[in-house]
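File shown here: upload_8.cif, holding mmCIF, C-alpha atoms.
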```cif
data_protein
loop_
_atom_site.label_atom_id
_atom_site.label_comp_id
_atom_site.auth_asym_id
_atom_site.auth_seq_id
_atom_site.Cartn_x
_atom_site.Cartn_y
_atom_site.Cartn_z
CA GLN A 241 -60.58 -37.18 140.69
CA MET A 242 -59.53 -38.10 137.16
CA ASN A 243 -55.80 -38.68 137.41
CA ASN A 244 -53.06 -37.76 139.86
CA ASN A 245 -51.11 -36.24 136.98
CA ALA A 246 -53.89 -33.74 136.35
CA ASN A 247 -52.94 -32.09 139.64
CA ARG A 248 -49.20 -32.02 138.97
CA SER A 249 -47.67 -28.56 139.31
CA TYR A 250 -46.68 -26.82 136.09
CA ASP A 251 -45.53 -23.59 137.76
CA GLY A 252 -48.88 -21.90 137.30
CA LEU A 253 -49.03 -22.34 133.52
CA THR A 254 -52.37 -21.71 131.84
CA PRO A 255 -54.19 -25.04 131.32
CA VAL A 256 -55.75 -25.58 127.88
CA GLU A 257 -57.44 -28.46 126.09
CA ALA A 258 -56.87 -29.78 122.58
CA ARG A 259 -59.69 -27.69 121.17
CA ASP A 260 -57.95 -24.50 122.32
CA ILE A 261 -54.64 -25.13 120.54
CA PRO A 262 -55.58 -24.12 116.95
CA GLY A 263 -56.86 -20.75 118.13
CA LEU A 264 -53.71 -20.17 120.18
CA VAL A 265 -51.54 -20.89 117.14
CA ASP A 266 -53.56 -18.35 115.14
CA GLU A 267 -53.13 -15.74 117.87
CA CYS A 268 -49.39 -16.33 118.07
CA LEU A 269 -49.07 -16.00 114.30
CA ASP A 270 -50.91 -12.67 114.36
CA ALA A 271 -48.88 -11.42 117.34
CA LYS A 272 -45.59 -12.78 115.91
CA ILE A 273 -44.71 -14.65 119.09
CA ASN A 274 -43.70 -18.26 119.72
CA LEU A 275 -45.90 -20.83 121.46
CA LEU A 276 -44.66 -23.49 123.90
CA ILE A 277 -46.98 -26.37 124.79
CA TYR A 278 -46.15 -28.48 127.84
CA GLY A 279 -48.01 -31.69 128.52
CA GLU A 280 -47.85 -35.29 129.67
CA PRO A 281 -46.32 -37.84 127.28
CA GLY A 282 -48.88 -38.90 124.70
CA CYS A 283 -51.49 -36.21 125.43
CA GLY A 284 -51.54 -35.24 121.76
CA LYS A 285 -49.36 -32.10 121.69
CA SER A 286 -47.51 -32.92 118.48
CA SER A 287 -50.46 -34.60 116.79
CA ILE A 288 -52.70 -31.59 117.32
CA ILE A 289 -50.17 -29.31 115.62
CA GLN A 290 -49.51 -31.75 112.79
CA GLY A 291 -53.28 -31.98 112.35
CA LEU A 292 -53.47 -28.30 111.43
CA SER A 293 -52.53 -29.10 107.83
CA ASP A 294 -55.84 -27.72 106.54
CA LYS A 295 -54.83 -24.24 107.73
CA TYR A 296 -51.03 -24.42 107.94
CA ASN A 297 -48.10 -25.96 106.13
CA VAL A 298 -46.49 -27.77 109.07
CA VAL A 299 -42.73 -28.36 109.05
CA THR A 300 -41.57 -30.57 111.94
CA LEU A 301 -38.12 -30.56 113.49
CA GLY A 302 -37.62 -33.53 115.82
CA CYS A 303 -35.36 -31.96 118.43
CA ALA A 304 -34.44 -35.27 120.07
CA THR A 305 -32.58 -36.41 116.93
CA LEU A 306 -31.79 -33.02 115.38
CA CYS A 307 -28.04 -32.70 114.85
CA GLU A 308 -26.04 -29.52 114.44
CA GLU A 309 -25.62 -29.99 110.68
CA ALA A 310 -29.34 -30.55 110.14
CA LEU A 311 -30.21 -27.35 112.00
CA TYR A 312 -27.47 -25.01 110.75
CA GLY A 313 -26.59 -26.52 107.37
CA ILE A 314 -23.26 -27.89 106.17
CA PRO A 315 -20.24 -25.66 105.49
CA VAL A 316 -19.26 -25.80 101.81
CA TYR A 317 -15.97 -24.43 100.52
CA ASP A 318 -16.30 -21.84 97.75
CA ALA A 319 -13.10 -21.91 95.66
CA GLU A 320 -13.96 -18.64 93.92
CA THR A 321 -14.32 -16.57 97.09
CA LYS A 322 -12.10 -18.85 99.18
CA THR A 323 -14.69 -18.84 101.92
CA THR A 324 -16.72 -21.59 103.57
CA PRO A 325 -20.33 -20.46 103.77
CA TYR A 326 -23.02 -22.73 105.14
CA ALA A 327 -25.41 -24.34 102.71
CA MET A 328 -29.01 -23.63 103.60
CA PRO A 329 -30.45 -26.50 105.69
CA ASP A 330 -33.25 -28.50 104.09
CA TRP A 331 -35.87 -27.49 106.67
CA LEU A 332 -35.28 -23.77 106.13
CA LYS A 333 -35.29 -24.22 102.37
CA ARG A 334 -38.64 -26.00 102.72
CA VAL A 335 -40.08 -23.23 104.90
CA LEU A 336 -39.04 -20.48 102.51
CA GLU A 337 -40.36 -22.38 99.50
CA LEU A 338 -43.74 -22.89 101.19
CA THR A 339 -44.07 -19.21 102.09
CA LYS A 340 -43.70 -18.38 98.40
CA SER A 341 -45.68 -21.20 96.80
CA SER A 342 -48.65 -21.46 99.17
CA THR A 343 -51.22 -19.05 100.53
CA LYS A 344 -51.27 -20.94 103.84
CA PRO A 345 -48.95 -19.77 106.62
CA VAL A 346 -46.19 -22.06 107.84
CA CYS A 347 -46.03 -23.59 111.32
CA ILE A 348 -42.61 -24.82 112.43
CA LEU A 349 -43.07 -27.51 115.08
CA LEU A 350 -40.12 -27.97 117.42
CA ASP A 351 -41.03 -31.40 118.74
CA GLU A 352 -39.60 -32.64 122.07
CA LEU A 353 -37.70 -29.40 122.61
CA THR A 354 -36.26 -30.40 126.00
CA LEU A 355 -34.46 -33.35 124.36
CA ALA A 356 -32.36 -31.17 122.05
CA ASN A 357 -28.59 -31.28 122.59
CA PRO A 358 -26.94 -28.10 123.96
CA ILE A 359 -25.48 -26.93 120.63
CA VAL A 360 -28.80 -27.32 118.88
CA MET A 361 -30.57 -25.63 121.80
CA ASN A 362 -28.32 -22.59 121.44
CA GLY A 363 -29.14 -22.35 117.75
CA LEU A 364 -32.85 -22.68 118.43
CA GLN A 365 -32.69 -19.90 121.00
CA LEU A 366 -31.28 -17.54 118.37
CA LEU A 367 -33.94 -18.68 115.90
CA LEU A 368 -36.66 -18.02 118.45
CA THR A 369 -35.22 -14.62 119.37
CA ASP A 370 -34.14 -13.18 116.02
CA ARG A 371 -36.16 -15.46 113.69
CA LYS A 372 -33.04 -16.40 111.77
CA LEU A 373 -30.05 -18.71 111.99
CA SER A 374 -26.54 -17.47 112.70
CA THR A 375 -25.42 -19.36 109.59
CA GLN A 376 -28.13 -17.79 107.40
CA PRO A 377 -28.29 -14.13 108.47
CA ASP A 378 -29.73 -13.01 105.12
CA TYR A 379 -32.74 -15.31 105.35
CA PRO A 380 -34.98 -14.40 108.30
CA LEU A 381 -38.28 -16.19 108.73
CA PRO A 382 -41.09 -14.39 106.89
CA ASP A 383 -44.00 -12.88 108.83
CA ASN A 384 -46.35 -15.70 107.82
CA VAL A 385 -44.35 -18.24 109.85
CA VAL A 386 -45.15 -19.19 113.44
CA ILE A 387 -42.95 -21.35 115.68
CA VAL A 388 -44.60 -23.83 118.06
CA ALA A 389 -42.64 -26.04 120.47
CA ALA A 390 -44.15 -29.13 122.10
CA THR A 391 -42.45 -30.89 124.98
CA ASN A 392 -42.80 -32.76 128.26
CA THR A 393 -41.69 -31.32 131.55
CA VAL A 394 -38.58 -32.87 133.06
CA ALA A 395 -40.85 -34.39 135.74
CA ASP A 396 -42.73 -36.27 133.00
CA THR A 397 -39.73 -37.99 131.46
CA THR A 398 -36.46 -39.57 132.48
CA GLU A 399 -34.58 -37.67 129.78
CA GLY A 400 -34.13 -34.08 128.71
CA VAL A 401 -33.19 -30.89 130.49
CA GLU A 402 -35.17 -28.05 131.97
CA LEU A 403 -35.40 -25.10 129.58
CA SER A 404 -33.34 -22.12 130.64
CA ARG A 405 -35.15 -19.02 131.82
CA PRO A 406 -33.92 -16.93 128.84
CA LEU A 407 -35.29 -19.56 126.45
CA LYS A 408 -38.61 -19.78 128.28
CA THR A 409 -39.09 -16.04 127.90
CA ARG A 410 -39.15 -16.48 124.12
CA PHE A 411 -42.53 -18.19 124.34
CA ALA A 412 -46.13 -17.77 125.30
CA THR A 413 -46.41 -20.95 127.38
CA VAL A 414 -49.39 -23.19 128.18
CA ARG A 415 -49.89 -26.73 129.44
CA MET A 416 -52.18 -29.10 127.58
CA LEU A 417 -54.60 -31.21 129.60
CA ALA A 418 -55.51 -34.78 128.75
CA THR A 419 -59.20 -35.29 129.48
CA PRO A 420 -61.81 -37.80 128.28
CA ALA A 421 -63.49 -35.00 126.32
CA SER A 422 -60.25 -34.30 124.50
CA PHE A 423 -59.86 -38.03 123.68
CA GLU A 424 -63.14 -38.08 121.81
CA GLU A 425 -62.42 -34.89 119.91
CA TYR A 426 -58.95 -36.13 119.03
CA ALA A 427 -60.19 -39.53 117.90
CA MET A 428 -62.94 -38.02 115.72
CA THR A 429 -60.29 -36.19 113.71
CA GLN A 430 -58.26 -39.39 113.22
CA ILE A 431 -60.95 -41.76 111.88
CA ASP A 432 -59.56 -42.15 108.36
CA ALA A 433 -55.99 -42.59 109.58
CA VAL A 434 -56.61 -44.92 112.52
CA LEU A 435 -59.93 -46.69 111.88
CA PRO A 436 -60.14 -47.26 108.10
CA HIS A 437 -61.37 -50.86 108.35
CA ILE A 438 -63.89 -50.14 111.09
CA LYS A 439 -65.18 -47.22 109.04
CA GLU A 440 -65.45 -49.49 105.99
CA LEU A 441 -67.42 -52.01 108.03
CA LEU A 442 -69.62 -49.66 110.04
CA GLY A 443 -69.80 -46.47 108.00
CA GLU A 444 -69.04 -42.95 109.22
CA ALA A 445 -71.92 -42.54 111.67
CA MET A 446 -71.47 -45.94 113.35
CA THR A 447 -67.71 -45.42 113.59
CA GLN A 448 -68.32 -42.15 115.42
CA GLN A 449 -70.65 -44.01 117.79
CA PHE A 450 -67.97 -46.67 118.24
CA ILE A 451 -65.56 -43.92 119.31
CA ARG A 452 -68.08 -42.40 121.71
CA ASP A 453 -68.76 -45.80 123.30
CA ALA A 454 -65.05 -46.55 123.68
CA VAL A 455 -64.26 -43.14 125.16
CA HIS A 456 -67.18 -43.49 127.60
CA ASP A 457 -65.73 -46.78 128.83
CA LEU A 458 -62.25 -45.33 128.94
CA LYS A 459 -63.53 -42.42 131.03
CA GLU A 460 -64.97 -44.83 133.58
CA PHE A 461 -61.73 -46.83 133.56
CA TRP A 462 -59.71 -43.67 134.10
CA CYS A 463 -61.89 -42.48 136.99
CA ASP A 464 -61.63 -45.87 138.67
CA ASN A 465 -57.83 -46.03 138.31
CA THR A 466 -56.53 -42.69 139.51
CA GLU A 467 -52.93 -43.89 139.59
CA PHE A 468 -53.00 -45.17 136.01
CA TYR A 469 -50.56 -42.97 134.09
CA GLY A 470 -51.01 -44.13 130.51
CA THR A 471 -54.55 -42.95 129.80
CA ASN A 472 -54.07 -40.35 127.08
CA PRO A 473 -54.81 -39.85 123.37
CA ARG A 474 -51.77 -41.88 122.32
CA THR A 475 -53.01 -44.81 124.41
CA ILE A 476 -56.51 -44.67 122.99
CA MET A 477 -55.11 -44.37 119.46
CA ASN A 478 -53.11 -47.56 120.04
CA TYR A 479 -56.25 -49.17 121.37
CA PHE A 480 -58.23 -48.13 118.29
CA LYS A 481 -55.47 -49.45 116.04
CA ALA A 482 -55.69 -52.81 117.80
CA CYS A 483 -59.46 -52.92 117.32
CA ASP A 484 -59.11 -51.92 113.66
CA SER A 485 -56.56 -54.68 113.09
CA CYS A 486 -59.02 -57.16 114.56
CA VAL A 487 -61.70 -56.02 112.11
CA LYS A 488 -59.18 -56.18 109.27
CA ARG A 489 -58.52 -59.83 110.10
CA ASN A 490 -62.21 -60.70 110.52
CA HIS A 491 -64.61 -58.83 108.25
CA GLN A 492 -67.49 -61.01 109.49
CA LEU A 493 -67.69 -59.16 112.82
CA LYS A 494 -71.04 -57.48 113.39
CA PRO A 495 -71.20 -53.86 114.63
CA SER A 496 -72.37 -55.08 118.03
CA ASP A 497 -69.36 -57.41 118.20
CA VAL A 498 -66.98 -54.54 117.47
CA ASN A 499 -68.46 -52.34 120.18
CA ALA A 500 -68.54 -55.22 122.65
CA ARG A 501 -64.89 -55.90 121.90
CA ALA A 502 -64.13 -52.24 122.58
CA ARG A 503 -65.85 -52.39 125.96
CA ARG A 504 -64.04 -55.59 126.93
CA THR A 505 -60.65 -54.47 125.69
CA VAL A 506 -60.62 -51.18 127.58
CA GLY A 507 -61.22 -53.01 130.84
CA HIS A 508 -58.46 -55.60 130.82
CA GLU A 509 -55.97 -54.84 128.05
CA MET A 510 -55.40 -51.09 128.30
CA HIS A 511 -52.05 -51.45 130.04
CA SER A 512 -50.71 -53.56 127.20
CA PHE A 513 -51.32 -50.74 124.71
CA ASN A 514 -49.45 -48.09 126.69
#
```

What is this structure when it is put down as structure tokens?
Amino acid sequence: QMNNNANRSYDGLTPVEARDIPGLVDECLDAKINLLIYGEPGCGKSSIIQGLSDKYNVVTLGCATLCEEALYGIPVYDAETKTTPYAMPDWLKRVLELTKSSTKPVCILLDELTLANPIVMNGLQLLLTDRKLSTQPDYPLPDNVVIVAATNTVADTTEGVELSRPLKTRFATVRMLATPASFEEYAMTQIDAVLPHIKELLGEAMTQQFIRDAVHDLKEFWCDNTEFYGTNPRTIMNYFKACDSCVKRNHQLKPSDVNARARRTVGHEMHSFN
């Protein structure tokens, strides 16, 4: 009864929650396979992966804006050999440097994969299949590198293309659910980044209670508005940012005022934060 989108068909893909993603990334690293995460816009796909920085060095490639030169590198004429080899692209140079300088494995995040242009998509397919670029055949990805792609389905966005069947077969594929329980877990990991002023005012414990109260109210709002599409971690993060800005402007607010504001705001302003 939560949300009509929770029942949307994803072709039988395994449903997972935010808490499951880190373990899946670990399993894919060990098995040397790629992971594809489908999910509604704003459900936290990319943020969950980028939040793995305590265990992984995360290198993000934004597929929606990734151009051919950024993926493959730029051809540079060599006067001595009279050839035009490709210079190593910055992202690959970064990945290889991290595998040598850090004990943590590397996670390459292909963000918004379905928005990549066709030329870039072809290059990514080779990378996913052979773990190397056609322009850099001597530099395959080391074993301590895992590739994770995060994207919306075509039904969830007005842009992008459906992934081809050959490309889909390069992944272990799951769909990520957006649930009230996942909101709270997600928000708890983002306190310092999103709620610094509320934390300064209330302290760690009271800020956690503030999050629990807000998520409780959001859960009720979500259940009562089954056609409301924008209830997801991105929405609640925007909501928290708005509340934190309010506290930043008025340090005289009491803890009860902050929590009351949260309860009021969820009810009548949520659409404005989507």

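With all atoms listed in the file taken into account, the protein and nucleic acid residues at most 7 Å from Leu350 (chain A) (excluding it and anything under 2 positions from it in its own chain) are Thr300, Leu301, Gly302, Cys303, Ile348, Glu352, Leu353, Val388, Ala389 and Ala390 of chain A.
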
Selected residue, from A:Ile261, A:Leu435, A:Met361, A:Cys268, that lies nearest to Gln290 (chain A) when counting all atoms listed in the file: A:Ile261

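Restricting the calculation to only C-alpha atoms, the smallest distance between Leu364 (chain A) and any of A:Glu308, A:Asp294, A:Asp378, A:Glu337 is found for A:Glu308.
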
With distances taken over only C-alpha atoms, the candidate from A:Asp351, A:Asp484, A:Glu402, A:Glu425 nearest Glu440 (chain A) is A:Asp484

What separates CA of Pro436 (chain A) and CA of Gly284 (chain A) is a distance of 20.1 Å

In Å and to one decimal, CA of Ala258 (chain A) is distant from CA of Glu280 (chain A) by 12.7 Å

Interatomic distance between CA of Thr413 (chain A) and CA of Leu368 (chain A)?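 CA of Thr413 (chain A) sits 13.5 Å away from CA of Leu368 (chain A).
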
Quick one: of A:Pro377, A:Gly363, A:Pro345, A:Pro315, who's nearest to Leu269 (chain A), counting all atoms listed in the file?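 Of the candidates, the smallest distance to Leu269 (chain A) is held by A:Pro345.
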
Env of Gly279 (chain A): 6 Å cut, atoms = all atoms listed in the file, seq-sep filter 4 positions within chain, self excluded. Answer as a PDB file with C-alpha atoms, in the coordinates of the input.
```pdb
ATOM      1  CA  ASN A 392     -42.800 -32.760 128.260  1.00  0.00           C
ATOM      2  CA  ARG A 415     -49.890 -26.730 129.440  1.00  0.00           C
ATOM      3  CA  MET A 416     -52.180 -29.100 127.580  1.00  0.00           C
TER       4      MET A 416
END
```

Leaving out Ile359 (chain A) and any residue of its chain fewer than 2 positions from it, which residues lie within 12 Å of it when counting all atoms listed in the file, given as a list in words?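 Non-adjacent residues within range: Cys303, Leu306, Cys307, Glu308, Glu309, Ala310, Leu311, Tyr312, Leu355, Ala356, Asn357, Met361, Asn362, Gly363, Leu364, Gln365 and Leu366 of chain A.
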
Mind telling me what the PyMOL selection byres ((chain A and resi 336) around 12) catches here, as a PyMOL selection string? chain A and resi 297+299+328-335+337-342+345-348+372+379-385

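Among the candidate residues A:Thr343, A:Gly291, A:Val386, A:Gln448, the one lying nearest to Glu267 (chain A) is A:Val386, with distances computed using only C-alpha atoms.
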
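Of the listed residues A:Tyr296, A:Lys272, A:Met446, A:Pro262, the one whose atoms come nearest to Thr369 (chain A) is A:Lys272, with distances taken using only C-alpha atoms.
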
Within 8 Å of (-48.9, -26.5, 129.3) in the file's own coordinates, which protein, DNA or RNA residues have an atom, counting only C-alpha atoms? List them as a compact mmCIF listing (two decimals) with C-alpha atoms, in the coordinates of the input.
```txt
# COMPACT_ATOMS: atom_id res chain seq x y z
CA TYR A 250 -46.68 -26.82 136.09
CA LEU A 253 -49.03 -22.34 133.52
CA THR A 254 -52.37 -21.71 131.84
CA PRO A 255 -54.19 -25.04 131.32
CA VAL A 256 -55.75 -25.58 127.88
CA LEU A 276 -44.66 -23.49 123.90
CA ILE A 277 -46.98 -26.37 124.79
CA TYR A 278 -46.15 -28.48 127.84
CA GLY A 279 -48.01 -31.69 128.52
CA THR A 413 -46.41 -20.95 127.38
CA VAL A 414 -49.39 -23.19 128.18
CA ARG A 415 -49.89 -26.73 129.44
CA MET A 416 -52.18 -29.10 127.58
CA LEU A 417 -54.60 -31.21 129.60
```
